[in-house]
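Undergrad: One file is attached below, my_file_37.txt, containing compact mmCIF, C-alpha atoms.
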# COMPACT_ATOMS: atom_id res chain seq x y z
CA MET A 1 12.99 38.10 30.24
CA ARG A 2 14.42 35.04 31.98
CA ARG A 3 10.98 34.21 33.42
CA ALA A 4 9.40 34.44 29.97
CA THR A 5 12.17 32.30 28.52
CA PHE A 6 11.72 29.74 31.31
CA THR A 7 7.99 29.60 30.63
CA THR A 8 8.68 29.13 26.92
CA LEU A 9 11.16 26.39 27.74
CA ILE A 10 8.63 24.49 29.84
CA GLY A 11 5.98 24.83 27.14
CA LEU A 12 8.30 23.58 24.42
CA GLY A 13 9.44 20.71 26.59
CA LEU A 14 5.86 19.60 27.11
CA SER A 15 5.21 19.91 23.37
CA VAL A 16 8.18 17.71 22.56
CA LEU A 17 7.03 15.08 25.06
CA THR A 18 3.50 15.19 23.67
CA VAL A 19 4.67 14.67 20.11
CA LEU A 20 7.16 11.99 21.11
CA PHE A 21 4.79 9.92 23.18
CA ILE A 22 1.40 10.68 21.65
CA GLY A 23 1.30 12.62 18.39
CA ASP A 24 4.25 10.97 16.67
CA LYS A 25 2.93 7.41 16.85
CA PRO A 26 1.82 5.89 13.52
CA GLU A 27 -1.91 5.40 13.24
CA PRO A 28 -2.71 2.65 10.71
CA PRO A 29 -6.16 2.86 9.11
CA ARG A 30 -8.82 0.85 10.88
CA THR A 31 -11.06 0.17 7.87
CA PHE A 32 -10.78 -0.23 4.12
CA ASN A 33 -12.53 3.12 3.61
CA GLU A 34 -10.01 4.87 5.86
CA ALA A 35 -7.18 3.15 4.00
CA LYS A 36 -8.44 4.38 0.65
CA GLN A 37 -8.51 7.98 1.86
CA ILE A 38 -4.95 7.75 3.15
CA ALA A 39 -3.76 5.98 0.01
CA ARG A 40 -5.12 8.81 -2.12
CA SER A 41 -3.07 11.37 -0.22
CA ILE A 42 0.09 9.23 -0.44
CA TYR A 43 -0.19 8.60 -4.16
CA ASP A 44 -0.97 12.25 -4.92
CA GLU A 45 2.81 12.64 -5.17
CA GLN A 46 3.04 9.96 -7.88
CA PRO A 47 -0.45 9.44 -9.34
CA VAL A 48 0.18 6.44 -11.61
CA THR A 49 -1.79 3.19 -11.75
CA PHE A 50 -0.03 0.05 -10.56
CA TYR A 51 -0.34 -2.33 -13.51
CA CYS A 52 -0.71 -0.13 -16.58
CA GLY A 53 1.20 3.01 -15.60
CA CYS A 54 -1.64 5.37 -16.48
CA ARG A 55 -1.67 8.81 -14.92
CA TYR A 56 -4.79 9.84 -13.06
CA SER A 57 -6.32 12.85 -11.39
CA ALA A 58 -8.75 12.49 -8.49
CA SER A 59 -10.84 9.48 -9.50
CA LYS A 60 -10.45 9.76 -13.29
CA VAL A 61 -7.81 7.83 -15.23
CA ASP A 62 -6.10 9.36 -18.27
CA LEU A 63 -6.24 6.29 -20.52
CA ALA A 64 -4.34 8.04 -23.33
CA SER A 65 -1.33 8.53 -21.04
CA CYS A 66 -0.57 4.80 -21.20
CA GLY A 67 -2.31 3.81 -24.44
CA TYR A 68 -4.99 1.84 -22.64
CA THR A 69 -7.89 0.52 -24.71
CA PRO A 70 -10.98 -0.65 -22.78
CA ARG A 71 -11.71 -4.33 -23.22
CA LYS A 72 -15.43 -4.20 -22.53
CA GLN A 73 -16.25 -1.49 -19.96
CA PRO A 74 -15.23 1.98 -21.22
CA VAL A 75 -16.96 3.79 -18.34
CA ARG A 76 -15.38 1.72 -15.59
CA ALA A 77 -12.04 1.87 -17.40
CA GLN A 78 -11.93 5.62 -16.77
CA GLN A 79 -12.53 5.19 -13.05
CA LEU A 80 -9.73 4.87 -10.54
CA GLU A 81 -10.21 2.09 -8.00
CA TRP A 82 -8.10 0.92 -5.06
CA GLU A 83 -7.15 -2.69 -5.47
CA HIS A 84 -5.96 -5.26 -2.96
CA VAL A 85 -2.98 -6.96 -4.61
CA VAL A 86 -3.76 -9.89 -2.33
CA PRO A 87 -7.55 -9.97 -2.77
CA ALA A 88 -9.85 -9.69 0.23
CA TRP A 89 -11.23 -13.09 -0.80
CA VAL A 90 -7.79 -14.67 -0.33
CA ILE A 91 -7.44 -13.01 3.08
CA GLY A 92 -10.94 -13.87 4.26
CA ARG A 93 -11.64 -17.35 2.91
CA GLN A 94 -9.14 -18.84 5.33
CA ARG A 95 -11.02 -17.40 8.32
CA GLN A 96 -14.14 -18.62 10.11
CA CYS A 97 -15.96 -15.31 9.68
CA TRP A 98 -15.93 -15.73 5.90
CA LYS A 99 -17.75 -19.02 6.21
CA GLU A 100 -20.34 -17.37 8.43
CA GLY A 101 -21.12 -14.34 6.29
CA GLY A 102 -18.41 -13.48 3.78
CA ARG A 103 -16.50 -10.22 3.59
CA LYS A 104 -19.15 -8.20 5.40
CA SER A 105 -19.09 -10.53 8.38
CA CYS A 106 -15.27 -10.49 8.53
CA ALA A 107 -15.05 -6.69 8.29
CA ALA A 108 -17.58 -6.33 11.12
CA GLY A 109 -16.30 -8.93 13.55
CA ASP A 110 -12.75 -10.06 12.80
CA PRO A 111 -10.01 -7.58 13.82
CA VAL A 112 -7.29 -9.52 12.00
CA PHE A 113 -9.24 -9.41 8.74
CA SER A 114 -10.00 -5.71 9.24
CA ALA A 115 -6.31 -4.96 9.76
CA ALA A 116 -5.35 -6.95 6.66
CA GLU A 117 -8.11 -5.38 4.56
CA ALA A 118 -6.88 -1.90 5.58
CA ASP A 119 -3.14 -2.64 5.23
CA LEU A 120 -1.75 0.08 2.96
CA HIS A 121 1.14 -2.11 1.84
CA ASN A 122 -1.45 -4.21 -0.01
CA LEU A 123 -3.37 -1.33 -1.59
CA VAL A 124 -2.59 0.09 -5.05
CA PRO A 125 -4.34 2.41 -7.55
CA SER A 126 -5.82 0.48 -10.46
CA ILE A 127 -7.90 1.07 -13.56
CA GLY A 128 -11.44 0.08 -12.65
CA GLU A 129 -11.88 -2.33 -15.53
CA VAL A 130 -8.60 -4.09 -14.76
CA ASN A 131 -9.55 -4.38 -11.09
CA GLY A 132 -12.90 -5.88 -12.04
CA ASP A 133 -11.42 -8.29 -14.58
CA ARG A 134 -8.67 -9.45 -12.24
CA SER A 135 -11.28 -10.07 -9.51
CA ASN A 136 -9.85 -12.50 -6.95
CA PHE A 137 -7.63 -14.36 -9.43
CA ALA A 138 -4.10 -15.27 -8.43
CA LEU A 139 -1.22 -13.48 -10.11
CA GLY A 140 0.91 -15.80 -12.21
CA MET A 141 2.45 -16.58 -15.56
CA LEU A 142 0.43 -17.21 -18.72
CA ASN A 143 1.34 -18.19 -22.27
CA THR A 144 -1.08 -15.62 -23.70
CA LYS A 145 0.38 -12.52 -25.35
CA PRO A 146 -0.95 -9.16 -24.09
CA SER A 147 -3.73 -7.83 -26.30
CA GLN A 148 -6.76 -7.18 -24.10
CA TYR A 149 -6.01 -3.62 -23.00
CA GLY A 150 -4.24 -1.89 -25.86
CA ALA A 151 -0.71 -0.83 -24.94
CA CYS A 152 -1.13 -2.01 -21.33
CA PRO A 153 0.49 -5.49 -21.20
CA MET A 154 -1.80 -6.84 -18.49
CA VAL A 155 -3.30 -10.26 -19.23
CA VAL A 156 -6.33 -11.81 -17.53
CA SER A 157 -7.31 -15.41 -18.26
CA PHE A 158 -10.92 -15.88 -17.21
CA SER A 159 -10.80 -19.60 -17.98
CA GLU A 160 -7.64 -20.24 -15.92
CA LYS A 161 -8.53 -17.66 -13.26
CA VAL A 162 -5.05 -16.18 -13.43
CA ALA A 163 -3.87 -12.63 -14.09
CA MET A 164 -0.38 -11.93 -15.43
CA PRO A 165 0.84 -8.44 -14.55
CA PRO A 166 3.30 -6.49 -16.73
CA GLU A 167 6.96 -7.07 -15.91
CA GLN A 168 7.36 -3.78 -14.03
CA ALA A 169 4.60 -4.81 -11.59
CA ARG A 170 5.71 -8.40 -10.98
CA GLY A 171 8.44 -7.68 -8.44
CA PRO A 172 6.35 -5.23 -6.39
CA ALA A 173 3.32 -7.55 -6.51
CA ALA A 174 5.40 -10.55 -5.42
CA ARG A 175 6.88 -8.67 -2.48
CA ILE A 176 3.40 -7.57 -1.41
CA TYR A 177 2.15 -11.18 -1.55
CA LEU A 178 5.10 -12.46 0.48
CA TYR A 179 4.69 -9.69 3.06
CA MET A 180 0.96 -10.31 3.46
CA ALA A 181 1.48 -14.06 3.80
CA ASP A 182 3.99 -13.51 6.60
CA GLN A 183 2.11 -10.73 8.35
CA TYR A 184 -1.29 -12.41 8.43
CA ALA A 185 -0.36 -16.10 8.28
CA LEU A 186 -1.93 -16.56 4.84
CA ARG A 187 -1.49 -19.92 3.15
CA LEU A 188 -0.12 -19.70 -0.37
CA SER A 189 -0.14 -22.65 -2.75
CA SER A 190 3.32 -24.07 -3.44
CA ARG A 191 3.01 -22.94 -7.07
CA ASP A 192 2.11 -19.39 -6.12
CA ARG A 193 4.89 -19.14 -3.55
CA ARG A 194 7.45 -20.38 -6.08
CA THR A 195 6.21 -17.80 -8.58
CA TYR A 196 6.37 -14.88 -6.15
CA GLU A 197 9.77 -15.88 -4.81
CA ALA A 198 11.05 -16.11 -8.38
CA TRP A 199 9.61 -12.70 -9.28
CA ASN A 200 11.15 -11.25 -6.14
CA ARG A 201 14.58 -12.43 -7.35
CA MET A 202 14.10 -11.58 -11.01
CA TYR A 203 12.77 -8.05 -10.60
CA PRO A 204 14.83 -6.00 -8.11
CA VAL A 205 13.34 -3.34 -5.88
CA SER A 206 12.94 -0.05 -7.76
CA ASP A 207 13.32 3.52 -6.56
CA TRP A 208 9.55 3.93 -6.87
CA GLU A 209 9.03 0.88 -4.64
CA ARG A 210 11.39 2.24 -2.00
CA TRP A 211 9.57 5.58 -2.07
CA ARG A 212 6.20 3.83 -1.67
CA ASN A 213 7.52 1.64 1.14
CA GLN A 214 8.76 4.71 3.02
CA GLU A 215 5.49 6.62 2.66
CA VAL A 216 3.27 3.68 3.55
CA SER A 217 5.49 2.56 6.44
CA CYS A 218 5.27 5.99 8.05
CA VAL A 219 1.52 5.42 8.39
CA MET A 220 1.56 1.71 9.15
CA GLY A 221 4.46 1.83 11.58
CA ARG A 222 6.15 -1.14 9.88
CA GLU A 223 7.82 -1.71 6.55
CA ASN A 224 7.50 -4.44 3.98
CA PRO A 225 10.79 -6.25 4.77
CA TYR A 226 10.92 -7.70 1.26
CA VAL A 227 11.31 -4.13 -0.02
CA GLY A 228 13.60 -2.94 2.77
CA PRO A 229 13.65 -0.92 6.00
CA TYR A 230 12.10 2.51 6.28
CA ASP A 231 13.51 5.56 8.03
CA PRO A 232 11.16 6.85 10.78
CA SER A 233 13.16 10.09 10.95
CA ARG A 234 11.92 10.94 7.45
CA CYS A 235 8.26 10.68 8.44
CA ALA A 236 6.22 13.88 8.78
CA GLY A 237 5.88 13.64 12.56
CA ALA A 238 9.63 13.34 12.96
CA ASN A 239 10.07 16.73 11.27
CA VAL A 240 7.81 18.29 13.89
CA VAL A 241 9.87 16.74 16.67
CA ASP A 242 13.12 18.03 15.14
CA ARG A 243 11.74 21.56 14.89
CA LEU A 244 10.52 21.51 18.49
CA ARG A 245 13.91 20.29 19.64
CA GLU A 246 15.57 23.22 17.84
CA LEU A 247 13.22 25.70 19.50
CA LEU A 248 13.79 24.04 22.88
CA LEU A 249 17.57 24.36 22.53
CA ASP A 250 17.27 28.02 21.47
CA ALA A 251 15.14 28.77 24.54
CA LEU A 252 17.62 26.94 26.77
CA ARG A 253 20.53 28.98 25.37
CA GLN A 254 18.64 32.20 26.13
CA LEU A 255 17.97 31.03 29.68
CA LEU A 256 21.63 30.23 30.28
Could you quickly redo this structure as structure tokens?
TA:
Amino acid sequence: MRRATFTTLIGLGLSVLTVLFIGDKPEPPRTFNEAKQIARSIYDEQPVTFYCGCRYSASKVDLASCGYTPRKQPVRAQQLEWEHVVPAWVIGRQRQCWKEGGRKSCAAGDPVFSAAEADLHNLVPSIGEVNGDRSNFALGMLNTKPSQYGACPMVVSFSEKVAMPPEQARGPAARIYLYMADQYALRLSSRDRRTYEAWNRMYPVSDWERWRNQEVSCVMGRENPYVGPYDPSRCAGANVVDRLRELLLDALRQLL
């Protein structure tokens, strides 16, 4: 019995070490496609689009759930897309690879761009039409009243190349912009920085934002500091470690 317990103890000890030093390390996505797959699994717990608050299932958006009215593209409006809050164009245009061959060139040969493009902190679920209309426009304030998308108070000015998100998205969007600028040394215009810093102050971090930061940080291995710290012990891998520790202690008690 003691021999069997000792063998069990050794096996559990090796398992704990394996999880601690190998299996418990965060593995950020390497590409945008990988990031989208991971984002889907994270948001399955709260499947709501970022700007308009529409519920969705798989890749189809329930437009009636948020009173969304398509502006021009009813088919794309029903499609869920994964949007970079800080557009890939903003990330890439400041890099040499973009000048040499655009986004494709950067994704293929620039590891910093690839990491930024796949950063889950910057990725949110969006109505396809809104994603397309927003394009690579900056987020900012406009004098236009919301009317383009029914009950969704998103505003896109094609002439000014500015998109104004609803109030509930301004704080989260601002904190994403500030994080991305710090993390990847992105240059923001003085006007944009003032706007995002103001939104960060005006719209406090919500419970939903804290939840998202925790889930995303478990994968990325770092939090968005503008949202707050995350708790590694609440990540899925940590639960495995805790369970193995319990089994290891039980086996040790039997041995003694």
Undergrad: Give the answer as one residue: which of A:Glu100, A:Gln73, A:Ser57, A:Tyr203 has the shortest atom-to-atom distance to A:Ser41, using all atoms listed in the file?
TA: A:Ser57
Undergrad: Select, from A:Asn200, A:Glu215, A:Arg76, A:Gln183, the residue with the minimum atom-to-atom distance to A:Glu45, counting all atoms listed in the file.
TA: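 Of all the options, A:Glu215 lies closest to A:Glu45.
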Undergrad: Could you jot down the atom CA of A:Gly102 to atom CA of A:Phe137 separation for me, Å, one decimal place?
TA: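 Between atom CA of A:Gly102 and atom CA of A:Phe137 the gap is 17.1 Å.
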Undergrad: So that I can check the surroundings of A:Tyr230, please list as a CSV table (one decimal) with C-alpha atoms, in the coordinates of the input every protein, DNA and RNA residue that reaches within 12 Å of it, counting only C-alpha atoms and ignoring chain neighbours fewer than 4 positions away.
TA:
chain,number,residue,atom,x,y,z
A,209,GLU,CA,9.0,0.9,-4.6
A,210,ARG,CA,11.4,2.2,-2.0
A,211,TRP,CA,9.6,5.6,-2.1
A,212,ARG,CA,6.2,3.8,-1.7
A,213,ASN,CA,7.5,1.6,1.1
A,214,GLN,CA,8.8,4.7,3.0
A,215,GLU,CA,5.5,6.6,2.7
A,216,VAL,CA,3.3,3.7,3.6
A,217,SER,CA,5.5,2.6,6.4
A,218,CYS,CA,5.3,6.0,8.0
A,219,VAL,CA,1.5,5.4,8.4
A,220,MET,CA,1.6,1.7,9.2
A,221,GLY,CA,4.5,1.8,11.6
A,222,ARG,CA,6.2,-1.1,9.9
A,223,GLU,CA,7.8,-1.7,6.6
A,224,ASN,CA,7.5,-4.4,4.0
A,225,PRO,CA,10.8,-6.2,4.8
A,226,TYR,CA,10.9,-7.7,1.3
A,234,ARG,CA,11.9,10.9,7.4
A,235,CYS,CA,8.3,10.7,8.4
Undergrad: Tell me, in Å to one decimal, how far atom CA of A:Ala77 is from atom CA of A:Tyr149.
TA: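 Atom-to-atom, atom CA of A:Ala77 to atom CA of A:Tyr149, that is 9.9 Å.
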Undergrad: Measuring atom to atom with all atoms listed in the file, identify which of A:Val205, A:Ala169, A:Ile176, A:Ala116 is nearest to A:Tyr51.
TA: A:Ala169
Undergrad: Just give me the gap between atom CA of A:Leu139 and atom CA of A:Ile42 in Å, one decimal is fine.
TA: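 According to the coordinates, atom CA of A:Leu139 and atom CA of A:Ile42 are separated by 24.7 Å.
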Undergrad: Grab all the atoms of stretch 102-119 of chain A that the file lists, wrap them in a box along x, y and z, add 8 Å per side, and give me centre plus edge lengths in Å (one decimal) as lines of an AutoDock Vina configuration file.
TA:
center_x = -11.1
center_y = -7.7
center_z = 8.7
size_x = 32.0
size_y = 27.6
size_z = 26.2
Undergrad: Point out the residue among A:Val86, A:Met202, A:Glu197, A:Ile127 with the least atom-to-atom distance to A:Tyr177, counting only C-alpha atoms.
TA: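 Using only C-alpha atoms, A:Tyr177 sits closest to A:Val86.
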Undergrad: Let me make sure I understand: among A:Met164, A:Leu80, A:Ala39, A:Ala138, which one has the smallest atom-to-atom distance to A:Ser59 if we use only C-alpha atoms?
TA: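 Checking each candidate against A:Ser59, we get A:Leu80 as the closest.
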Undergrad: Can you pull out the residues contacting A:Gly53? Cut-off 8 Å, using only C-alpha atoms, and skip same-chain residues under 3 positions away; I want them as a list of chain:residue names.
TA: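 Skipping anything fewer than 3 positions along the chain leaves A:Val48, A:Thr49, A:Phe50, A:Cys66, A:Cys152.
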Undergrad: May I have the protein, DNA and RNA residues with an atom at most 6 Å from (-7.3, -6.4, 1.7), counting all atoms listed in the file in the file's coordinates, returned as a JSON list (two decimals) with C-alpha atoms, in the coordinates of the input?
TA:
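Final file, out.json:
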[["chain", "number", "residue", "atom", "x", "y", "z"],
["A", 84, "HIS", "CA", -5.96, -5.26, -2.96],
["A", 87, "PRO", "CA", -7.55, -9.97, -2.77],
["A", 88, "ALA", "CA", -9.85, -9.69, 0.23],
["A", 116, "ALA", "CA", -5.35, -6.95, 6.66],
["A", 117, "GLU", "CA", -8.11, -5.38, 4.56],
["A", 118, "ALA", "CA", -6.88, -1.90, 5.58]]
Undergrad: From the list A:Ser190, A:Asn33, A:Ser65, A:Asn131, which residue is nearest A:Asp119 when using all atoms listed in the file?
TA: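 Of the candidates, the smallest distance to A:Asp119 is held by A:Asn33.
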Undergrad: Select, counting only C-alpha atoms, all protein, DNA and RNA residues no farther than 12 Å from (-8.7, -0.7, 5.0) in file coordinates, and express the selection as an MDAnalysis selection string.
TA: chainID A and resid 28:39 82:84 88 107 111:124 220
